[in-house]
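Visitor: Sharing a structure with you now.
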Amino acid sequence: MRYPGSELPLFAHAKNFHRYYLDLFGEHVRGRVLEVGGGMGTLTGLLLDRGISGLTVCEPDPALAHELATRFASDVRVIRGTVEDVPASLGLFDTVVYVDVLEHVEDDAGEIRLAAGRLAPGGSLVIGGPAHQWLYSPFDTVIGHHRRYDRRMVARLVAGCPDLRLVHFAYFDCLGVAVSLLNRWVVRRTTPTTRDIMVWDTRILPISRQLDPLLGHRVGKSFVAIACL
């Protein structure tokens, strides 16, 4: 399975964005971690810096899986495939992470059930992705997004797993909403440029990061959610 989008090299420049994700996940990223959909390893490298006890990454694209295995060598166990392909012999995980992945999965409810089945007792499922279906744009279509999420949608997914409970949900990047709407209504680019990503990540996002707590994380173009067993 090859990844249909071409945006991964662009978003690899978004270092502040991925650090913000991890800071919002906080202490819930711990112990033995399974990252689903490692991509180019932008988040993988940051996860290794969190002091976790072990990291397994699954990635269905063969070229990206090879790149991950080469880049991280003995530091990360790389599985070519999806969460279904992670061997049962590896046991259960304290944390399963989906960042900008679940929106690419057609059967997201089934995916969440599979992920919950890989969690150890007391484990955490942490999810991050694009927020609000009303922000869905041609860019989402081009890179293979089936949907964007809101709190209600995530709560319904978690409720489909009897042992999971949603313990935290937050929107973030409030200014990103305005940027997304500007692109949708005025600029109408289907793919951002490297300069677009760098300006957003280094100038706009840091301001959002200051404003988001003041708004109670009720506004944003992205979201984070944490569900626990």
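Here, A, B, ... name the chains of the structure tokens in the order displayed, residue numbers run from 1 inside each chain, and ligands are numbered from 1 in the same displayed order.
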May I have a table of the residues of segment 81-175 of chain A lying at most 8 Å from segment 218-223 of chain A, giving each one's closest pair of atoms and their distance in Å to one decimal, counting only C-alpha atoms, ordered by chain and ascending residue number, as JSON lines?
Guide:
```
{"residue": "A:Gly128", "atom": "CA", "partner": "A:Phe223", "partner_atom": "CA", "distance": 5.5}
{"residue": "A:Gly129", "atom": "CA", "partner": "A:Ser222", "partner_atom": "CA", "distance": 5.6}
{"residue": "A:Pro130", "atom": "CA", "partner": "A:Ser222", "partner_atom": "CA", "distance": 4.4}
{"residue": "A:Ala131", "atom": "CA", "partner": "A:Ser222", "partner_atom": "CA", "distance": 4.6}
{"residue": "A:His132", "atom": "CA", "partner": "A:Lys221", "partner_atom": "CA", "distance": 7.0}
{"residue": "A:Leu135", "atom": "CA", "partner": "A:Lys221", "partner_atom": "CA", "distance": 7.8}
{"residue": "A:Tyr149", "atom": "CA", "partner": "A:Phe223", "partner_atom": "CA", "distance": 7.9}
{"residue": "A:Asp150", "atom": "CA", "partner": "A:Phe223", "partner_atom": "CA", "distance": 7.8}
{"residue": "A:Phe169", "atom": "CA", "partner": "A:Phe223", "partner_atom": "CA", "distance": 7.2}
{"residue": "A:Ala170", "atom": "CA", "partner": "A:Phe223", "partner_atom": "CA", "distance": 5.6}
{"residue": "A:Tyr171", "atom": "CA", "partner": "A:Phe223", "partner_atom": "CA", "distance": 4.2}
{"residue": "A:Phe172", "atom": "CA", "partner": "A:Gly220", "partner_atom": "CA", "distance": 4.2}
{"residue": "A:Asp173", "atom": "CA", "partner": "A:Gly220", "partner_atom": "CA", "distance": 4.6}
{"residue": "A:Cys174", "atom": "CA", "partner": "A:Gly220", "partner_atom": "CA", "distance": 4.0}
{"residue": "A:Leu175", "atom": "CA", "partner": "A:Gly220", "partner_atom": "CA", "distance": 7.1}
```
Visitor: Go through A:Arg113, A:Arg156, A:Arg195, A:Arg71 one by one, measure the shortest atom-to-atom distance of each to Gly45 of chain A using only C-alpha atoms, and give the residue with the smallest value.
Guide: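 Going through A:Arg113, A:Arg156, A:Arg195, A:Arg71 one by one, the smallest distance to Gly45 of chain A is for A:Arg71.
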Visitor: Hey, which of A:Pro87, A:Ala14, A:Leu181, A:Tyr98 ends up closest to Glu111 of chain A? Count only C-alpha atoms.
Guide: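 Counting only C-alpha atoms, the residue closest to Glu111 of chain A is A:Tyr98.
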Visitor: Counting only C-alpha atoms, what is within 6 Å of Glu103 of chain A, bar same-chain residues fewer than 5 positions away, as a PDB file with N, CA and C atoms, in the first residue's frame?
Guide:
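Once everything was written out, this is selection.pdb:
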```pdb
ATOM      1  N   HIS A 145      -7.775  12.309   2.691  1.00  0.00           N
ATOM      2  CA  HIS A 145      -8.564  12.389   3.924  1.00  0.00           C
ATOM      3  C   HIS A 145     -10.000  11.963   3.631  1.00  0.00           C
ATOM      4  N   HIS A 146     -10.522  11.050   4.432  1.00  0.00           N
ATOM      5  CA  HIS A 146     -11.930  10.682   4.321  1.00  0.00           C
ATOM      6  C   HIS A 146     -12.820  11.667   5.065  1.00  0.00           C
ATOM      7  N   ARG A 147     -12.254  12.333   6.065  1.00  0.00           N
ATOM      8  CA  ARG A 147     -13.056  13.206   6.913  1.00  0.00           C
ATOM      9  C   ARG A 147     -12.139  14.056   7.790  1.00  0.00           C
TER      10      ARG A 147
END
```
Visitor: Which residue gives the smallest distance to Pro60 of chain A among A:Leu211, A:Cys161, A:Val36, A:Leu229, with only C-alpha atoms counted?
Guide: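 Going through A:Leu211, A:Cys161, A:Val36, A:Leu229 one by one, the smallest distance to Pro60 of chain A is for A:Val36.
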Visitor: Give me, as CSV, each residue of segment 81-168 of chain A that comes within 6 Å of segment 20-34 of chain A, together with its shortest interatomic pair and the distance in Å at one decimal, counting only C-alpha atoms, with rows ordered by chain and rising residue number.
Guide:
```
residue,atom,partner,partner_atom,distance
A:Phe93,CA,A:Arg32,CA,5.2
A:Asp94,CA,A:Arg32,CA,5.2
A:Thr95,CA,A:Val33,CA,4.7
A:Val96,CA,A:Leu34,CA,4.7
```
Visitor: Check the DSSP output for the backbone and give back, as a list in words, the residues of segment 35-128 of chain A in strand (DSSP E).
Guide: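 Output for segment 35-128 of chain A, strand (DSSP E) only: Glu35, Val36, Gly54, Leu55, Thr56, Val57, Cys58, Glu59, Arg77, Val78, Ile79, Arg80, Phe93, Asp94, Thr95, Val96, Val97, Tyr98, Val99, Leu119, Ala120, Pro121, Gly122, Gly123, Ser124, Leu125, Val126, Ile127 and Gly128 of chain A.
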Visitor: Need to verify the contact set: Leu48 of chain A, 12 Å, only C-alpha atoms, exclusion of same-chain residues closer than 2 positions in sequence. Can you return it as a ChimeraX atom specification?
Guide: /A:22,29-35,41-46,50-57,72,74-77
Visitor: Neighbours of Cys58 of chain A within 7 Å (only C-alpha atoms; same-chain residues fewer than 4 positions away dropped), as a PyMOL selection string?
Guide: chain A and resi 35-38+78-83
Visitor: Hey, can you check how far atom CA of Leu164 of chain A sits from atom CA of Leu125 of chain A?
Guide: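 These atoms are spaced 8.7 Å apart.
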